[in-house]
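S.K.: Shown below is the structure under consideration.
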Amino acid sequence: MLKFIQGIHPAIFVLIATIFEVSGDAIIRKCIYEYTGVLRIIFLMLGAVFLFLYGFSLNLAPVEFKQVVGLYIAILFIVWQIGNYIAFKSLPSVPIIIGGALIVIGGMIVTFWENK
């Protein structure tokens, strides 16, 4: 199993982790404001499972966290905007698009800039 995990590109783990994180957060947010009773408890538990899977999948990446953090932040911003649209039907505003472009650029610099 460890050999299989080491053969997967770290970006795949990051993408999976960000999808779990955004989904878990959206589920919890929706259940706080839109559900009551047993349904709220079920969705809170589902959100908690997704957030656990986020942490687990991110830490399966076969690299040190410092090597993957820039890529993680860049992918997280993009997945967050997609999740925001899917869950809440909200498109990003111009400041979010401009700020997000800076986040993605910064993430790429952190990830790919090599100091030699």
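Identifiers for the structure tokens are assigned positionally: chains receive A, B, ... in sequence, residues are indexed from 1 per chain, and ligands are indexed from 1 in the order shown.
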Determine, counting only C-alpha atoms, which protein, DNA and RNA residues have an atom within 12 Å of an atom of segment 45-62 of chain A; residues of the same chain fewer than 2 positions away are not included. Present the result as a ChimeraX atom specification.
M.R.: /A:1-32,38-43,64-69,71-72,76
S.K.: Check chain A with DSSP on the backbone and list each residue it calls helix (DSSP H, G or I), as a PyMOL selection string.
M.R.: chain A and resi 2-6+10-34+37-60+65-88+94-112
S.K.: Could you pull the residues within 12 Å of Gly99 of chain A, counting only C-alpha atoms, minus those fewer than 5 positions along the same chain, as number ranges by chain?
M.R.: A: 74, 77-78, 92-94, 104-106
